[in-house]
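These notes are about the structure you will find just below.
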Amino acid sequence: MPTYKYLIIGGGMAAGAALPAIREVDADGSIGLIGAELHPPYQRPPLSKALWKGDPLQSIWIDTDKLGVKLHLGRRVQRLDLDNKRVTDDQGDETSFDKLLLATGSTPKRLSFDGPGLNSEKNNSDRAIYYRGLDDYERLRRLANHGSHFAVIGGGFIGSEIAAALTLNGMQASLIVQEPRICARIFPQDLGEYVNDYYRDKGVELLTETKLVDMQPHDEQVTLTLQAAEGGDVRELTVDGVVIGVGVQPNVDLAKAAGLEVQDGIVVDEMLRASHPDVYVAGDIAAFFDESVGERRRMEHEDTANSMGRAAGRNMAGAAEPYAYLPFFYSDLFDLGYEAVGKTNAKLQTVADWQEPFQKGVIYYLDAGRVRGVLLWNVFERLDAARELIGRRGPFQPADLKGRITG
């Protein structure tokens with residue numbers, strides 16, 4: 001049975017960030033990594049951004065070659081035995097550990113239909129892609145080499161970015177969104193309406209308040225059945241492929257079965273330890289208490305994976321450094337770009353401070369007079385100022401925020 005001082009379950013960005021961090025504290029301790037994908041750790045954001053703008057595929061890889069890590073790829077851990085500090089994978093092999101990092105990430109939510117659509121195992125199609133990893137990117141690239149019209153389901157991060165990427169690469173993209181606006185959970189109404197118009201101007205067929213009710217393979221295409229909201233008109237749309245991005249589920253079943261405390265994610269303390277002293281957690285699955293916004297939450301973004309992976313790696317190697325970082329997230333939408341930090345919920349009170357309406361400015365998200373989140377719209381290198389403002393108790397009035405970050 002292989003035995004490691006440090007064992008990592010998961011092969012994504014959080015794991016990739018943890019590896020060099022362990023080595024910063026412990027240069028010699030043995031490290032093993034068990035990952036479900038056949039690929040070593042890589043960066044995910046380029047799959048919906050930079051690779052579609054011409055960056056080479058080799059730019060995504062996280063360098064682990066000189067860290068003395070034993071990679072066990074193409075394996076899924078099925079059982080975690082905390083009493084004996086060992087795991088069992090889907091090939092029946094057991095591995096033991098002294099310290100464990102859970103970095104199992106998330107799985108895309110799957111659509112479900114009443115009819116015999118593509119959710120049926122016997123009626124599946126490689127033309128419907130639940131977009132998440134490198135294999136999904138490569139499948140979509142192959143389809144794009146031969147097709148011209150693609151449907152994108154979901155108006156969140158993945159949907160908005162893939163619709164833009166396909167359009168920039170000469171494809172016709174039909175973006176199907178159940179909400180009235182793209183990124184409706186983040187953007188205030190006026191900004192969301194601007195983004196809707198912007199996407200249409202760029203050539204995207206944007207179908208808002210529209211629900212996908214079925215999809216059927218049809219020769220080398222897929223036919224979608226769409227329905228307008230509130231029982232409205234039904235129409236069909238035939239495309240060369242479908243990209244689905246309707247959210248993810250954190251992969252917490254392993255932790256739950258092992259008896260770790262799980263709420264929305266795996267509950268961690270300020271050192272990113274789970275409810276077992278030798279188990280650490282990082283990335284999508286970690287439910288950490290965010291002092292700046294006053295609640296326990298999860299974040300499913302690159303900066304979270306990198307910052308948490310690094311902190312968890314150092315702590316499991318003995319650094320004992322509290323995780324007090326407020327991660328940010330970002331997106332590129334054609335020529336528009338934004339960075340955001342804190343709680344950016346469109347249901348909160350929002351205050352816009354535009355230098356140029358909808359082109360450059362700052363959106364503040366307030367709750368009881370306190371700034372809980374900041375969205376920097378085509379404004380860059382001001383994240384630290386945004387974090388500092390979120391850390392202040394206030395109260396703030398809208399007039400207090402005029403020029404607060406941009407000057």
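Simple scheme: letters A, B, ... for chains in structure tokens order, numbers from 1 for residues in each chain, numbers from 1 for ligands in the order shown.
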
* **Contacts of range 204-208 of chain A within 9 Å, only C-alpha atoms, excl. fewer than 3 positions in-chain, as a list in words** => Gly155, Ala163, Ala164, Thr167, Gln172, Ala173, Ser174, Leu175, Ile176, Val177, Gln178, Glu179, Pro180, Arg181, Ile182, Asn196, Asp197, Tyr198, Tyr199, Arg200, Asp201, Lys211, Ala228 and Ala229 of chain A

* If you run DSSP on the backbone, which residues of range 64-233 of chain A are strand (DSSP E or B), as a ChimeraX atom specification? -> /A:69-73,77-81,86-89,94-102,106-108,128-130,149-153,172-176,205-207,210-218,221-228

* Asked: Separation of CA of Ala258 in chain A and CA of Asp89 in chain A, in Å?
  ->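 Pair CA of Ala258 in chain A / CA of Asp89 in chain A returns 14.1 Å.
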
* Atomic separation - CA of Thr238 in chain A relative to CA of Ser160 in chain A, Å -> 20.1 Å

* **Residues near Glu321 in chain A, cut-off 10 Å, only C-alpha atoms, skip fewer than 2 positions along chain, as an MDAnalysis selection string** => chainID A and resid 270:272 311:312 314:315 318:319 323:324

* Asked: Can you tell me, as a PyMOL selection string, what residues are no more than 10 Å from Ile8 in chain A when counting only C-alpha atoms, ignoring any on the same chain fewer than 3 positions away?
  -> chain A and resi 4+11+14-16+18-19+31-35+71+97+99-104+279-281+313

Generate a file of the selected residues that holds N, CA and C atoms, formatted as a CSV table (one decimal), in the first residue's frame.
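result-v8.csv was written with the following content:
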chain,number,residue,atom,x,y,z
A,4,TYR,N,1.8,8.1,2.0
A,4,TYR,CA,2.4,9.5,1.7
A,4,TYR,C,2.2,10.3,3.0
A,11,GLY,N,-7.3,16.8,-8.8
A,11,GLY,CA,-6.2,17.2,-9.6
A,11,GLY,C,-6.4,18.5,-10.3
A,14,ALA,N,-6.7,23.9,-7.3
A,14,ALA,CA,-6.4,24.0,-5.9
A,14,ALA,C,-5.3,23.0,-5.5
A,15,ALA,N,-5.4,21.8,-6.1
A,15,ALA,CA,-4.3,20.8,-5.9
A,15,ALA,C,-3.0,21.3,-6.5
A,16,GLY,N,-3.1,21.9,-7.7
A,16,GLY,CA,-1.9,22.4,-8.3
A,16,GLY,C,-1.2,23.5,-7.5
A,18,ALA,N,-1.5,23.8,-4.2
A,18,ALA,CA,-1.0,23.2,-2.9
A,18,ALA,C,0.3,22.6,-3.0
A,19,LEU,N,0.7,22.0,-4.2
A,19,LEU,CA,1.9,21.2,-4.3
A,19,LEU,C,3.2,22.1,-4.1
A,31,ILE,N,4.7,13.2,-1.3
A,31,ILE,CA,3.4,13.8,-1.7
A,31,ILE,C,2.8,12.8,-2.8
A,32,GLY,N,1.6,12.5,-2.6
A,32,GLY,CA,0.8,11.8,-3.6
A,32,GLY,C,-0.4,12.5,-4.0
A,33,LEU,N,-0.8,12.4,-5.3
A,33,LEU,CA,-2.0,13.0,-5.8
A,33,LEU,C,-2.9,12.0,-6.5
A,34,ILE,N,-4.1,11.9,-6.2
A,34,ILE,CA,-5.1,11.0,-6.9
A,34,ILE,C,-6.1,11.9,-7.6
A,35,GLY,N,-6.1,11.9,-8.9
A,35,GLY,CA,-7.0,12.7,-9.7
A,35,GLY,C,-7.9,11.9,-10.6
A,71,LEU,N,1.9,11.1,-9.2
A,71,LEU,CA,0.5,11.3,-9.7
A,71,LEU,C,-0.1,10.0,-10.0
A,97,PHE,N,-2.1,7.9,4.4
A,97,PHE,CA,-1.6,9.2,4.5
A,97,PHE,C,-1.4,9.6,5.9
A,99,LYS,N,-1.3,13.4,6.3
A,99,LYS,CA,-2.2,14.6,6.2
A,99,LYS,C,-2.9,14.4,4.8
A,100,LEU,N,-4.1,14.9,4.8
A,100,LEU,CA,-4.9,14.8,3.6
A,100,LEU,C,-5.5,16.1,3.2
A,101,LEU,N,-5.4,16.4,1.9
A,101,LEU,CA,-6.1,17.6,1.3
A,101,LEU,C,-7.2,17.1,0.4
A,102,LEU,N,-8.4,17.6,0.7
A,102,LEU,CA,-9.6,17.3,-0.2
A,102,LEU,C,-9.7,18.5,-1.1
A,103,ALA,N,-9.5,18.3,-2.4
A,103,ALA,CA,-9.7,19.3,-3.4
A,103,ALA,C,-10.4,18.7,-4.6
A,104,THR,N,-11.6,18.2,-4.3
A,104,THR,CA,-12.3,17.4,-5.3
A,104,THR,C,-13.2,18.2,-6.3
A,279,VAL,N,-7.2,16.6,8.2
A,279,VAL,CA,-7.8,16.8,6.8
A,279,VAL,C,-8.0,18.3,6.5
A,280,TYR,N,-7.5,18.7,5.4
A,280,TYR,CA,-7.6,20.1,4.9
A,280,TYR,C,-8.5,20.1,3.7
A,281,VAL,N,-9.0,21.3,3.4
A,281,VAL,CA,-9.9,21.4,2.2
A,281,VAL,C,-9.6,22.7,1.5
A,313,GLY,N,-2.0,24.0,1.5
A,313,GLY,CA,-0.8,23.3,1.4
A,313,GLY,C,0.3,23.6,2.4
